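Next comes model32.cif, with mmCIF, C-alpha atoms and all ligand atoms.
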```cif
data_coords
#
loop_
_atom_site.label_atom_id
_atom_site.label_comp_id
_atom_site.auth_asym_id
_atom_site.auth_seq_id
_atom_site.Cartn_x
_atom_site.Cartn_y
_atom_site.Cartn_z
CA MET A 14 -16.75 -0.96 27.22
CA THR A 15 -13.68 -3.17 27.24
CA ILE A 16 -11.28 -4.40 24.57
CA LEU A 17 -9.43 -7.71 24.55
CA VAL A 18 -5.83 -7.71 23.34
CA THR A 19 -4.03 -10.98 22.58
CA GLY A 20 -0.22 -11.23 22.73
CA GLY A 21 -0.12 -8.09 24.86
CA ALA A 22 3.04 -9.14 26.71
CA GLY A 23 5.06 -9.27 23.47
CA PHE A 24 6.91 -6.47 21.70
CA ILE A 25 4.14 -4.71 19.75
CA GLY A 26 1.26 -5.88 21.95
CA SER A 27 2.78 -4.44 25.13
CA ASN A 28 3.51 -1.11 23.39
CA PHE A 29 -0.11 -1.12 22.20
CA VAL A 30 -1.54 -1.76 25.69
CA LEU A 31 0.67 0.91 27.28
CA ASP A 32 -0.24 3.49 24.62
CA TRP A 33 -3.94 2.56 24.70
CA LEU A 34 -4.19 3.18 28.45
CA ALA A 35 -2.13 6.36 28.16
CA GLU A 36 -4.62 7.70 25.58
CA ASN A 37 -7.97 6.70 27.13
CA ASP A 38 -9.65 4.94 30.05
CA GLU A 39 -11.26 2.02 28.26
CA PRO A 40 -10.12 -1.15 30.10
CA VAL A 41 -8.02 -3.85 28.47
CA VAL A 42 -8.17 -7.60 29.05
CA ASN A 43 -4.72 -8.79 27.99
CA VAL A 44 -4.46 -12.49 27.08
CA ASP A 45 -0.98 -13.91 26.56
CA LYS A 46 0.45 -17.42 26.80
CA LEU A 47 3.83 -16.03 27.91
CA THR A 48 6.02 -17.92 25.47
CA TYR A 49 9.73 -17.02 25.46
CA ALA A 50 8.69 -13.75 23.71
CA GLY A 51 6.11 -12.68 26.29
CA ASN A 52 7.41 -10.61 29.18
CA LEU A 53 5.31 -9.19 32.01
CA GLU A 54 8.13 -6.77 32.81
CA ASN A 55 7.00 -4.80 29.71
CA LEU A 56 3.77 -4.09 31.61
CA ALA A 57 5.33 -3.32 34.99
CA THR A 58 4.02 0.26 35.02
CA LEU A 59 0.45 -1.11 34.94
CA LYS A 60 0.89 -3.18 38.11
CA ASP A 61 -1.59 -1.15 40.16
CA ASP A 62 -3.75 -0.03 37.25
CA ASN A 63 -7.22 -1.58 37.54
CA ARG A 64 -7.98 -0.76 33.88
CA HIS A 65 -5.60 -3.60 32.91
CA LEU A 66 -6.39 -7.27 33.54
CA PHE A 67 -3.69 -9.76 32.55
CA VAL A 68 -4.76 -13.36 31.84
CA LYS A 69 -2.18 -16.06 31.11
CA ALA A 70 -3.89 -18.22 28.47
CA ASP A 71 -3.56 -19.65 24.99
CA ILE A 72 -5.72 -18.03 22.29
CA GLY A 73 -6.36 -21.60 21.11
CA ASP A 74 -8.23 -22.39 24.34
CA TYR A 75 -11.78 -21.97 23.03
CA ASP A 76 -13.53 -22.24 26.41
CA VAL A 77 -11.27 -19.72 28.17
CA MET A 78 -11.50 -17.24 25.30
CA LEU A 79 -15.30 -17.53 25.08
CA ASP A 80 -15.62 -17.07 28.86
CA LEU A 81 -13.45 -13.96 28.79
CA LEU A 82 -15.38 -12.45 25.89
CA LYS A 83 -18.69 -12.98 27.70
CA GLN A 84 -17.54 -12.13 31.21
CA HIS A 85 -16.07 -8.76 30.17
CA ALA A 86 -18.66 -7.93 27.47
CA ILE A 87 -15.82 -7.33 25.04
CA ARG A 88 -16.56 -4.83 22.26
CA ALA A 89 -13.37 -5.41 20.23
CA VAL A 90 -10.54 -7.93 19.94
CA VAL A 91 -7.07 -6.89 18.74
CA ASN A 92 -5.16 -10.03 17.81
CA PHE A 93 -1.36 -9.73 18.12
CA ALA A 94 -0.66 -13.22 19.50
CA ALA A 95 1.63 -15.17 17.19
CA GLU A 96 4.97 -16.84 16.81
CA SER A 97 6.84 -14.02 15.08
CA HIS A 98 10.48 -14.85 14.34
CA VAL A 99 11.33 -16.02 10.80
CA ASP A 100 14.58 -17.78 11.79
CA ARG A 101 12.78 -19.78 14.50
CA SER A 102 10.15 -20.79 11.93
CA ILE A 103 12.94 -22.19 9.75
CA HIS A 104 14.45 -24.20 12.63
CA GLY A 105 11.06 -25.42 13.92
CA PRO A 106 7.84 -24.62 12.03
CA GLU A 107 5.48 -26.65 14.27
CA ASP A 108 4.78 -23.90 16.85
CA PHE A 109 4.00 -21.50 13.99
CA ILE A 110 1.40 -23.85 12.54
CA GLN A 111 -0.11 -24.47 15.99
CA THR A 112 -0.38 -20.84 17.09
CA ASN A 113 -0.65 -18.83 13.89
CA ILE A 114 -3.07 -21.20 12.16
CA VAL A 115 -4.76 -23.63 14.57
CA ALA A 116 -5.01 -21.37 17.64
CA SER A 117 -6.04 -18.38 15.47
CA PHE A 118 -8.82 -20.53 14.02
CA ARG A 119 -10.00 -21.49 17.52
CA LEU A 120 -9.95 -17.86 18.58
CA LEU A 121 -12.07 -16.98 15.54
CA GLU A 122 -14.50 -19.72 16.51
CA ALA A 123 -14.83 -18.38 20.08
CA VAL A 124 -15.30 -14.85 18.74
CA ARG A 125 -17.91 -16.04 16.22
CA CYS A 126 -19.89 -17.82 18.95
CA TYR A 127 -19.75 -14.74 21.20
CA TRP A 128 -20.64 -12.35 18.37
CA ASN A 129 -23.67 -14.49 17.42
CA SER A 130 -24.96 -14.14 20.98
CA LEU A 131 -24.91 -10.31 20.93
CA GLU A 132 -27.86 -7.96 20.35
CA ALA A 133 -28.08 -6.49 16.83
CA GLN A 134 -26.63 -3.11 17.86
CA GLU A 135 -23.75 -4.74 19.76
CA GLN A 136 -23.06 -6.98 16.76
CA GLN A 137 -22.81 -3.91 14.55
CA ASN A 138 -20.39 -2.20 16.91
CA PHE A 139 -18.16 -5.24 17.48
CA ARG A 140 -14.71 -5.45 15.81
CA PHE A 141 -12.09 -8.18 15.35
CA LEU A 142 -8.81 -6.58 14.28
CA HIS A 143 -6.18 -9.00 13.03
CA VAL A 144 -2.56 -7.78 13.11
CA SER A 145 -0.59 -9.18 10.18
CA THR A 146 2.60 -8.59 8.25
CA ASP A 147 3.92 -7.43 4.89
CA GLU A 148 5.78 -10.75 4.60
CA VAL A 149 2.61 -12.48 3.33
CA TYR A 150 3.07 -10.64 0.00
CA GLY A 151 6.45 -12.28 -0.69
CA SER A 152 9.59 -10.59 -1.96
CA LEU A 153 10.04 -7.60 -4.31
CA ASP A 154 12.71 -6.90 -6.91
CA LYS A 155 14.63 -3.63 -6.61
CA THR A 156 12.47 -1.71 -9.12
CA ASP A 157 9.04 -3.16 -8.21
CA PRO A 158 6.49 -0.74 -6.74
CA PRO A 159 5.77 -1.20 -3.00
CA PHE A 160 3.11 -3.71 -1.89
CA LEU A 161 -0.51 -2.59 -2.25
CA GLU A 162 -3.33 -4.30 -0.32
CA THR A 163 -4.30 -6.02 -3.60
CA HIS A 164 -0.85 -7.61 -4.09
CA GLN A 165 -0.93 -11.39 -4.52
CA TYR A 166 -0.14 -13.52 -1.47
CA GLN A 167 3.21 -15.26 -1.99
CA PRO A 168 4.61 -16.14 1.47
CA ASN A 169 8.10 -17.66 1.40
CA SER A 170 8.87 -18.78 4.97
CA PRO A 171 6.95 -21.05 7.35
CA TYR A 172 6.30 -17.91 9.43
CA SER A 173 4.83 -15.87 6.58
CA ALA A 174 2.89 -18.87 5.25
CA SER A 175 1.31 -19.37 8.68
CA LYS A 176 0.42 -15.66 8.92
CA ALA A 177 -1.03 -15.80 5.39
CA ALA A 178 -3.22 -18.73 6.47
CA SER A 179 -4.60 -16.76 9.42
CA ASP A 180 -5.25 -13.72 7.18
CA HIS A 181 -7.26 -15.96 4.86
CA LEU A 182 -9.27 -17.39 7.77
CA VAL A 183 -10.08 -13.89 9.02
CA ARG A 184 -11.18 -12.87 5.54
CA ALA A 185 -13.32 -16.00 5.18
CA TYR A 186 -15.04 -15.41 8.55
CA HIS A 187 -16.15 -12.02 7.26
CA HIS A 188 -17.24 -13.31 3.86
CA THR A 189 -19.03 -16.40 5.15
CA TYR A 190 -20.34 -15.47 8.61
CA GLY A 191 -20.36 -11.66 8.39
CA LEU A 192 -17.91 -11.33 11.32
CA PRO A 193 -16.92 -7.63 11.47
CA VAL A 194 -13.19 -7.95 10.83
CA LEU A 195 -10.33 -5.59 9.96
CA THR A 196 -6.82 -6.65 8.93
CA THR A 197 -3.61 -4.64 9.04
CA ASN A 198 -0.44 -5.72 7.21
CA CYS A 199 2.56 -3.91 8.63
CA SER A 200 6.25 -3.63 7.77
CA ASN A 201 9.19 -4.20 10.17
CA ASN A 202 8.73 -2.57 13.57
CA TYR A 203 11.46 -1.40 15.92
CA GLY A 204 11.48 0.39 19.29
CA PRO A 205 11.22 -0.30 23.04
CA TYR A 206 10.72 -3.89 24.32
CA HIS A 207 11.88 -5.47 21.03
CA PHE A 208 13.12 -8.97 21.85
CA PRO A 209 16.88 -9.17 21.16
CA GLU A 210 16.61 -12.04 18.67
CA LYS A 211 15.59 -9.53 15.95
CA LEU A 212 18.16 -7.57 13.91
CA ILE A 213 18.03 -4.14 15.58
CA PRO A 214 17.96 -5.07 19.29
CA LEU A 215 20.34 -7.99 18.67
CA CYS A 216 22.93 -5.69 17.09
CA ILE A 217 22.59 -3.01 19.77
CA GLN A 218 23.11 -5.61 22.49
CA ASN A 219 25.91 -7.48 20.72
CA ALA A 220 27.69 -4.18 20.08
CA LEU A 221 27.57 -3.30 23.78
CA LEU A 222 28.79 -6.78 24.76
CA GLY A 223 31.73 -6.59 22.31
CA LYS A 224 30.26 -9.45 20.24
CA ASP A 225 29.94 -9.85 16.44
CA LEU A 226 27.16 -8.02 14.57
CA PRO A 227 26.00 -10.83 12.25
CA ILE A 228 24.96 -9.74 8.75
CA TYR A 229 23.20 -12.46 6.77
CA GLY A 230 24.54 -12.82 3.20
CA ASP A 231 25.58 -9.52 1.57
CA GLY A 232 23.46 -7.33 3.88
CA GLN A 233 21.70 -5.72 0.91
CA GLN A 234 18.25 -7.13 1.78
CA ILE A 235 15.78 -4.29 2.17
CA ARG A 236 13.18 -3.84 4.91
CA ASP A 237 10.71 -0.97 5.41
CA TRP A 238 11.05 0.19 9.04
CA LEU A 239 8.31 1.65 11.24
CA TYR A 240 8.65 2.88 14.83
CA VAL A 241 6.43 0.65 16.97
CA LYS A 242 4.41 3.55 18.45
CA ASP A 243 3.41 4.53 14.90
CA HIS A 244 2.18 0.99 14.27
CA CYS A 245 0.11 1.25 17.48
CA SER A 246 -1.43 4.57 16.41
CA ALA A 247 -2.30 3.05 13.02
CA ILE A 248 -4.08 0.13 14.71
CA ARG A 249 -6.05 2.53 16.94
CA ARG A 250 -7.08 4.49 13.86
CA VAL A 251 -8.15 1.39 11.90
CA LEU A 252 -10.07 0.09 14.92
CA ALA A 253 -11.91 3.40 15.24
CA ALA A 254 -12.67 4.13 11.60
CA GLY A 255 -11.69 1.21 9.32
CA GLN A 256 -14.25 -0.17 6.87
CA LEU A 257 -15.43 -3.67 7.77
CA GLY A 258 -13.74 -6.47 5.85
CA GLU A 259 -11.01 -4.12 4.59
CA VAL A 260 -7.25 -4.60 4.69
CA TYR A 261 -4.91 -1.68 5.51
CA ASN A 262 -1.19 -1.68 4.82
CA VAL A 263 0.90 0.05 7.49
CA GLY A 264 4.43 1.25 6.81
CA GLY A 265 6.92 4.00 7.42
CA TRP A 266 8.17 4.78 3.88
CA ASN A 267 11.62 3.91 5.25
CA GLU A 268 13.27 1.36 2.99
CA LYS A 269 16.76 0.53 4.23
CA ALA A 270 19.31 -2.18 3.42
CA ASN A 271 20.23 -4.23 6.52
CA LEU A 272 23.87 -3.17 6.30
CA ASP A 273 22.83 0.51 6.31
CA VAL A 274 20.66 -0.09 9.39
CA VAL A 275 23.54 -1.71 11.26
CA ASN A 276 25.97 1.04 10.19
CA THR A 277 23.48 3.63 11.50
CA LEU A 278 23.23 1.79 14.83
CA CYS A 279 27.03 1.76 15.06
CA SER A 280 27.39 5.46 14.43
CA ILE A 281 24.70 6.36 17.02
CA LEU A 282 26.40 4.08 19.55
CA ASP A 283 29.81 5.59 18.70
CA GLU A 284 28.33 8.95 19.67
CA LEU A 285 26.22 7.96 22.71
CA ASN A 286 28.37 5.18 24.18
CA PRO A 287 31.87 5.17 22.60
CA ARG A 288 33.96 2.00 22.77
CA SER A 289 36.69 2.16 25.39
CA ASP A 290 39.39 1.52 22.73
CA GLY A 291 38.22 4.53 20.68
CA LYS A 292 37.40 2.35 17.64
CA SER A 293 34.00 2.28 15.92
CA TYR A 294 31.44 -0.45 16.59
CA VAL A 295 31.53 -0.97 12.80
CA GLU A 296 34.63 -3.11 13.48
CA GLN A 297 32.30 -5.74 15.00
CA ILE A 298 30.29 -6.25 11.76
CA THR A 299 30.67 -9.84 10.51
CA TYR A 300 29.18 -11.43 7.40
CA VAL A 301 27.61 -14.83 8.07
CA THR A 302 25.77 -17.48 6.06
CA ASP A 303 22.47 -16.21 4.70
CA ARG A 304 18.99 -17.13 5.97
CA PRO A 305 17.52 -19.91 3.78
CA GLY A 306 14.87 -18.50 1.41
CA HIS A 307 15.72 -14.96 2.55
CA ASP A 308 13.29 -12.41 1.06
CA ARG A 309 15.27 -9.73 -0.76
CA ARG A 310 13.03 -6.71 -0.38
CA TYR A 311 9.83 -5.61 1.36
CA ALA A 312 8.26 -2.20 0.79
CA ILE A 313 4.82 -1.06 1.90
CA ASP A 314 2.53 1.39 0.16
CA ALA A 315 0.54 2.83 3.08
CA SER A 316 -1.29 5.45 1.03
CA LYS A 317 -4.75 3.84 1.51
CA LEU A 318 -4.47 4.30 5.27
CA GLU A 319 -3.34 7.89 4.83
CA ARG A 320 -5.94 8.75 2.18
CA GLU A 321 -8.97 7.07 3.78
CA LEU A 322 -8.25 7.32 7.50
CA GLY A 323 -5.79 10.22 7.68
CA TRP A 324 -3.00 8.23 9.39
CA LYS A 325 0.68 9.17 9.05
CA PRO A 326 3.72 8.02 11.02
CA ALA A 327 5.01 10.55 13.54
CA GLU A 328 8.64 9.36 13.48
CA THR A 329 11.18 9.34 10.70
CA PHE A 330 13.72 6.50 10.73
CA GLU A 331 16.36 8.95 11.99
CA THR A 332 14.31 10.09 15.02
CA GLY A 333 12.93 6.63 15.81
CA ILE A 334 16.23 4.78 15.65
CA ARG A 335 17.95 7.32 17.90
CA LYS A 336 15.15 6.98 20.50
CA THR A 337 15.46 3.21 20.26
CA VAL A 338 19.22 3.10 20.84
CA GLN A 339 18.81 5.47 23.79
CA TRP A 340 16.00 3.26 25.20
CA TYR A 341 18.27 0.19 25.12
CA LEU A 342 21.11 2.11 26.77
CA ASP A 343 18.68 3.24 29.49
CA HIS A 344 17.09 -0.21 29.97
CA GLN A 345 20.04 -2.60 30.21
CA SER A 346 18.40 -4.31 33.19
CA TRP A 347 15.36 -5.16 30.99
CA VAL A 348 17.70 -6.68 28.38
CA ASN A 349 19.71 -8.60 30.97
CA ASN A 350 16.51 -10.09 32.38
CA VAL A 351 15.51 -11.52 28.99
CA LEU A 352 18.96 -12.97 28.29
CA SER A 353 17.82 -16.22 29.91
CA GLY A 354 18.96 -19.78 29.34
CA GLU A 355 16.41 -20.20 26.56
CA TYR A 356 17.78 -17.14 24.77
CA GLN A 357 21.36 -18.46 24.94
CA THR A 358 20.20 -21.82 23.56
CA TRP A 359 18.56 -19.99 20.65
CA LEU A 360 21.72 -18.02 19.88
CA ASP A 361 23.76 -21.23 19.79
CA LYS A 362 21.21 -22.90 17.53
CA ASN A 363 20.89 -20.00 15.06
CA TYR A 364 24.45 -18.71 14.88
CA ALA A 365 26.73 -21.67 15.63
CA GLY A 366 26.31 -23.16 12.14
CA ARG A 367 26.83 -19.88 10.27
CA SER A 368 30.43 -19.55 9.23
CA ALA A 369 31.85 -16.03 9.25
P1 LIG A 401 6.35 -11.12 19.74
O1 LIG A 401 6.90 -12.44 19.37
O2 LIG A 401 7.21 -10.11 20.39
O3 LIG A 401 5.08 -11.29 20.70
C1 LIG A 401 4.10 -12.29 20.49
C2 LIG A 401 3.33 -12.44 21.80
O4 LIG A 401 2.30 -13.42 21.57
C3 LIG A 401 4.18 -12.95 22.96
O5 LIG A 401 3.90 -12.19 24.12
C4 LIG A 401 3.73 -14.41 23.14
O6 LIG A 401 3.81 -14.86 24.48
C5 LIG A 401 2.27 -14.33 22.67
N1 LIG A 401 1.76 -15.62 22.20
C6 LIG A 401 2.37 -16.48 21.34
N2 LIG A 401 1.57 -17.56 21.14
C7 LIG A 401 0.44 -17.35 21.86
C8 LIG A 401 -0.76 -18.10 22.06
N3 LIG A 401 -0.96 -19.28 21.44
N4 LIG A 401 -1.71 -17.59 22.86
C9 LIG A 401 -1.52 -16.40 23.50
N5 LIG A 401 -0.41 -15.66 23.37
C10 LIG A 401 0.56 -16.13 22.55
O7 LIG A 401 5.70 -10.55 18.40
P2 LIG A 401 5.57 -9.04 17.90
O8 LIG A 401 6.77 -8.67 17.15
O9 LIG A 401 5.08 -8.20 19.02
O10 LIG A 401 4.39 -9.23 16.83
C11 LIG A 401 3.02 -9.13 17.22
C12 LIG A 401 2.15 -9.39 16.00
O11 LIG A 401 2.45 -8.42 15.00
C13 LIG A 401 2.36 -10.75 15.36
O12 LIG A 401 1.11 -11.23 14.93
C14 LIG A 401 3.26 -10.47 14.15
O13 LIG A 401 3.05 -11.39 13.13
C15 LIG A 401 2.79 -9.08 13.78
N6 LIG A 401 3.79 -8.22 13.11
C16 LIG A 401 5.02 -8.03 13.67
C17 LIG A 401 5.93 -7.16 13.06
C18 LIG A 401 7.31 -6.90 13.63
O14 LIG A 401 8.12 -6.24 12.99
N7 LIG A 401 7.62 -7.36 14.83
C19 LIG A 401 5.57 -6.50 11.87
C20 LIG A 401 4.31 -6.73 11.33
C21 LIG A 401 3.41 -7.57 11.97
O1 LIG A 402 8.26 -7.44 7.80
C1 LIG A 402 7.59 -7.65 9.01
C2 LIG A 402 8.29 -8.75 9.79
O2 LIG A 402 9.48 -8.17 10.32
C3 LIG A 402 7.43 -9.32 10.90
O3 LIG A 402 6.31 -9.95 10.34
C4 LIG A 402 8.23 -10.33 11.73
O4 LIG A 402 7.45 -10.79 12.82
C5 LIG A 402 9.47 -9.63 12.26
O5 LIG A 402 10.28 -10.54 12.97
C6 LIG A 402 10.27 -9.03 11.10
O6 LIG A 402 10.83 -10.08 10.27
P1 LIG A 402 12.31 -9.98 9.66
O7 LIG A 402 12.76 -11.34 9.32
O8 LIG A 402 12.36 -8.95 8.59
O9 LIG A 402 13.09 -9.38 10.97
P2 LIG A 402 14.53 -9.73 11.58
O10 LIG A 402 14.81 -8.66 12.60
O11 LIG A 402 14.62 -11.14 12.00
O12 LIG A 402 15.50 -9.50 10.35
C7 LIG A 402 15.56 -8.25 9.69
C8 LIG A 402 16.53 -8.40 8.53
O13 LIG A 402 17.85 -8.56 9.07
C9 LIG A 402 16.27 -9.63 7.69
O14 LIG A 402 16.58 -9.33 6.33
C10 LIG A 402 17.27 -10.67 8.21
C11 LIG A 402 18.44 -9.82 8.66
N1 LIG A 402 19.21 -10.34 9.81
C12 LIG A 402 18.53 -10.74 10.92
C13 LIG A 402 19.22 -11.23 12.02
C14 LIG A 402 18.46 -11.71 13.25
C15 LIG A 402 20.60 -10.36 9.76
O15 LIG A 402 21.21 -9.96 8.75
N2 LIG A 402 21.27 -10.84 10.85
C16 LIG A 402 20.64 -11.30 11.98
O16 LIG A 402 21.33 -11.77 12.91
#
```

Conversion result in C-alpha cells:
Amino acid sequence: MTILVTGGAGFIGSNFVLDWLAENDEPVVNVDKLTYAGNLENLATLKDDNRHLFVKADIGDYDVMLDLLKQHAIRAVVNFAAESHVDRSIHGPEDFIQTNIVASFRLLEAVRCYWNSLEAQEQQNFRFLHVSTDEVYGSLDKTDPPFLETHQYQPNSPYSASKAASDHLVRAYHHTYGLPVLTTNCSNNYGPYHFPEKLIPLCIQNALLGKDLPIYGDGQQIRDWLYVKDHCSAIRRVLAAGQLGEVYNVGGWNEKANLDVVNTLCSILDELNPRSDGKSYVEQITYVTDRPGHDRRYAIDASKLERELGWKPAETFETGIRKTVQWYLDHQSWVNNVLSGEYQTWLDKNYAGRSA
C-alpha cells in the first residue's frame, strides 16, 4: 500500500510526510513542482529512507500523474499542492488560477481515470483527500459564530476564490462520478518549515534581523491558529475514518488578533534571545498600509471532527508558538537558505509600496 502526497515539499505537506513516516511504514510518493515555496531541505532527514520517493512534477501533468498512480498502485491521494499566499494572489493571480483550479482539475481527471481502472474492492478503499482552507467561507463579524461546514462560500481574494473553485470540483467529482473524496477546511497553520513570507515566520525573522515588524492596517484582524502537527494529525484521522463526500473543518479554537500574535512573538523572543540593547522587540512593530480586501475575522468550528472522529489538537497556542519560536532560533541556517534572490524580490514588491 502506498499513498501519494502532492505539495509535500511545502510547509504543511513536508510536515505531513515527516509525521506520516514517523507514525507508520506505508510508503509515500511525494509529487511537488518545487515552486519558490517548495524546499527539499524540509525532507533532508528522509534522504536515505526508501519509504519516501520524491518526484519533481506538476499536478497538472495528466500523463505523469496517471503513470505514478498506476506504477505505485496508489491507495490514497492527499492533495496539498497549491499556490498559498494571499498577498501574492493579489499581486499576480494567474499562477493561482493555473495551479489551484486548472492543475487541480487535471489531477482529478488523472485520479478519476485511475480509479475507474481499479477492481471493485480497490475502488471502495481508495481515497482522494483535498486539503483546503477556512478562507473559502469569507469574513466574519466580531459576534458571528465560527464557520460550520455548512457555511456559505464567499471567498474574497483571488487565492480563496481559486481554492473555493477546487473545493467545488472535488465535490462535483464525488456527486457526478462517485469518486471517493474527503475535504478538510483548515484555519491558519504555524510551526516548523513555515515560509518566511507569512506573518509568524516573517516577524520572527525580521525581529532577529533588526527589521520592521509590518502590521497591516490596525492589526485587529483575527485569525484562528493551529499548530501544523495538529493539522497533520487531523488529516490522518479524516483519511482513516472520514465519511466519503464529507467536509471536515479543522481548527485550534485559538482566535487571536494579529497584533496580539506579534506581541506574543516579541515577548518570547525577549526571553529566549534578548536584543543586545536591552530593549523589547516590540519597538520594531510598524503599522503599514492594509492588504486590499483584507478579511477581518476567521474562526473555525471544528466540533464535527471532534464529535464524529474523536480528533482534538494536542497543542495550545501558548505551547505551539513557543516551540515555533525555538525552532526558528535553532534553524537559522534553514531560514538563511530560503532567503534567496526571489524572496528579496518578493519583499520589495510587497512592502516597498506600503507607507509606514
Ligand atoms: P506552501 O505554499 O508552503 O506549499 C505548497 C507546495 O505546493 C510547495 O511545495 C509548491 O512547490 C507545491 N506546488 C505548487 N504548485 C504546484 C503544482 N502545480 N504541482 C505540484 N506542486 C505544486 O503551502 P502550505 O501552507 O503548505 O499549504 C498547503 C495546502 O494547505 C494548500 O492547499 C493550502 O491552500 C492549504 N492550507 C494552508 C493553510 C496555512 O495556514 N498555510 C491553512 C489551511 C489550508
Ligand atoms: O486561514 C488559512 C490561510 O492562512 C491559508 O489558507 C493560507 O494559505 C495561509 O497563507 C494563511 O493566510 P493568511 O493571509 O491569513 O496568512 P498570512 O500569514 O499571510 O497573514 C496572517 C494575517 O497577518 C493576515 O491578517 C494578514 C496579516 N499580515 C500578514 C503579513 C505577511 C500582516 O499584518 N503583516 C504581514 O506582513

Got a sec to check which residues lie within 9 Å of ligand LIG 402 (chain A), using only C-alpha atoms and all ligand atoms, and send them as a compact mmCIF listing (two decimals) with C-alpha atoms, keeping the file's coordinate frame?
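The new file out.txt reads:
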```
# COMPACT_ATOMS: atom_id res chain seq x y z
CA ALA A 95 1.63 -15.17 17.19
CA GLU A 96 4.97 -16.84 16.81
CA SER A 97 6.84 -14.02 15.08
CA HIS A 98 10.48 -14.85 14.34
CA VAL A 99 11.33 -16.02 10.80
CA ASP A 100 14.58 -17.78 11.79
CA SER A 145 -0.59 -9.18 10.18
CA THR A 146 2.60 -8.59 8.25
CA ASP A 147 3.92 -7.43 4.89
CA GLU A 148 5.78 -10.75 4.60
CA VAL A 149 2.61 -12.48 3.33
CA TYR A 172 6.30 -17.91 9.43
CA SER A 173 4.83 -15.87 6.58
CA LYS A 176 0.42 -15.66 8.92
CA ASN A 198 -0.44 -5.72 7.21
CA CYS A 199 2.56 -3.91 8.63
CA SER A 200 6.25 -3.63 7.77
CA ASN A 201 9.19 -4.20 10.17
CA ASN A 202 8.73 -2.57 13.57
CA TYR A 203 11.46 -1.40 15.92
CA PRO A 209 16.88 -9.17 21.16
CA GLU A 210 16.61 -12.04 18.67
CA LYS A 211 15.59 -9.53 15.95
CA LEU A 212 18.16 -7.57 13.91
CA ILE A 213 18.03 -4.14 15.58
CA PRO A 214 17.96 -5.07 19.29
CA LEU A 215 20.34 -7.99 18.67
CA CYS A 216 22.93 -5.69 17.09
CA LEU A 226 27.16 -8.02 14.57
CA PRO A 227 26.00 -10.83 12.25
CA ILE A 228 24.96 -9.74 8.75
CA TYR A 229 23.20 -12.46 6.77
CA GLY A 230 24.54 -12.82 3.20
CA ASP A 231 25.58 -9.52 1.57
CA GLY A 232 23.46 -7.33 3.88
CA GLN A 233 21.70 -5.72 0.91
CA GLN A 234 18.25 -7.13 1.78
CA ILE A 235 15.78 -4.29 2.17
CA ARG A 236 13.18 -3.84 4.91
CA ASP A 237 10.71 -0.97 5.41
CA TRP A 238 11.05 0.19 9.04
CA ALA A 270 19.31 -2.18 3.42
CA ASN A 271 20.23 -4.23 6.52
CA LEU A 272 23.87 -3.17 6.30
CA VAL A 274 20.66 -0.09 9.39
CA VAL A 275 23.54 -1.71 11.26
CA TYR A 300 29.18 -11.43 7.40
CA VAL A 301 27.61 -14.83 8.07
CA ASP A 303 22.47 -16.21 4.70
CA ARG A 304 18.99 -17.13 5.97
CA HIS A 307 15.72 -14.96 2.55
CA ASP A 308 13.29 -12.41 1.06
CA ARG A 309 15.27 -9.73 -0.76
CA ARG A 310 13.03 -6.71 -0.38
CA TYR A 311 9.83 -5.61 1.36
CA ALA A 312 8.26 -2.20 0.79
CA ASN A 363 20.89 -20.00 15.06
CA TYR A 364 24.45 -18.71 14.88
```

Could you state the separation of CA of Val44 in chain A and CA of Ala70 in chain A in Å, given to one decimal place?
5.9 Å

So the first atom is CA of Ile25 in chain A and the second is atom C11 of ligand LIG 401 (chain A); what is the distance between them in Å, to one decimal place?
5.2 Å

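Closest to Pro168 in chain A among A:Gly306, A:Pro193, A:Pro40, A:Gly105 is A:Gly306, based on all atoms listed in the file.
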
Select all residues near (9.6, 1.3, -8.2) (cut-off 12 Å, inclusive, file coordinates), counting all atoms listed in the file, and output them as a ChimeraX atom specification.
/A:153-160,268,310-314

To one decimal place in Å, what is the distance between CA of Thr332 in chain A and CA of Ser27 in chain A?
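These two atoms are separated by 21.1 Å.
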
Could you name the residues that touch Thr112 in chain A at 10 Å or less, counting all atoms listed in the file, but leaving out those on the same chain fewer than 4 positions away, as a list of chain:residue names?
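With the cut-off at 10 Å, the set is A:Asp71, A:Ile72, A:Gly73, A:Ala94, A:Ala95, A:Glu96, A:Glu107, A:Asp108, A:Ala116, A:Ser117, A:Phe118, A:Arg119, A:Ser175, A:Lys176, A:Ser179.
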
Take the point (20.0, 1.5, 22.0) in the file's coordinates, draw a sphere of radius 12 Å around it, and report as a PyMOL selection string every protein, DNA or RNA residue with an atom inside or on it, counting only C-alpha atoms.
chain A and resi 203-207+209+213-221+275+277-286+333-345+348

Smallest atom-to-atom distance to ligand LIG 401 (chain A): which of A:Asn350, A:Gln165, A:Gln297, A:Asn28, using only C-alpha atoms and all ligand atoms?
A:Asn28

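If only C-alpha atoms are the atoms counted, then among A:Ala185, A:Met14, A:Val90, A:Leu56 the closest residue to Asn37 in chain A is A:Met14.
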
For Asp243 in chain A, which residue among A:Phe139, A:Phe24, A:Trp324, A:Trp128 is the nearest when counting all atoms listed in the file?
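The shortest atom-to-atom distance to Asp243 in chain A comes from A:Trp324.
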
Nearest to ligand LIG 401 (chain A): which of A:Tyr186, A:Tyr49, A:Phe141, A:Trp359 is it, counting all atoms listed in the file?
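Between A:Tyr186, A:Tyr49, A:Phe141, A:Trp359, the residue approaching ligand LIG 401 (chain A) most closely is A:Tyr49.
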
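Once Gly191 in chain A and its same-chain neighbours fewer than 3 positions away are set aside, Val124, Arg125, Trp128, Asn129, Gln136, Gln137, Phe139, Arg140, Phe141, Val183, Arg184, Ala185, Tyr186, His187, His188, Val194, Leu195, Leu257 and Gly258 of chain A remain within 12 Å of it when counting all atoms listed in the file.
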
Which residue of A:Asp32, A:Glu296, A:Asp180, A:Asp38 approaches ligand LIG 401 (chain A) most closely, using only C-alpha atoms and all ligand atoms
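Of A:Asp32, A:Glu296, A:Asp180, A:Asp38, the one nearest ligand LIG 401 (chain A), counting only C-alpha atoms and all ligand atoms, is A:Asp180.
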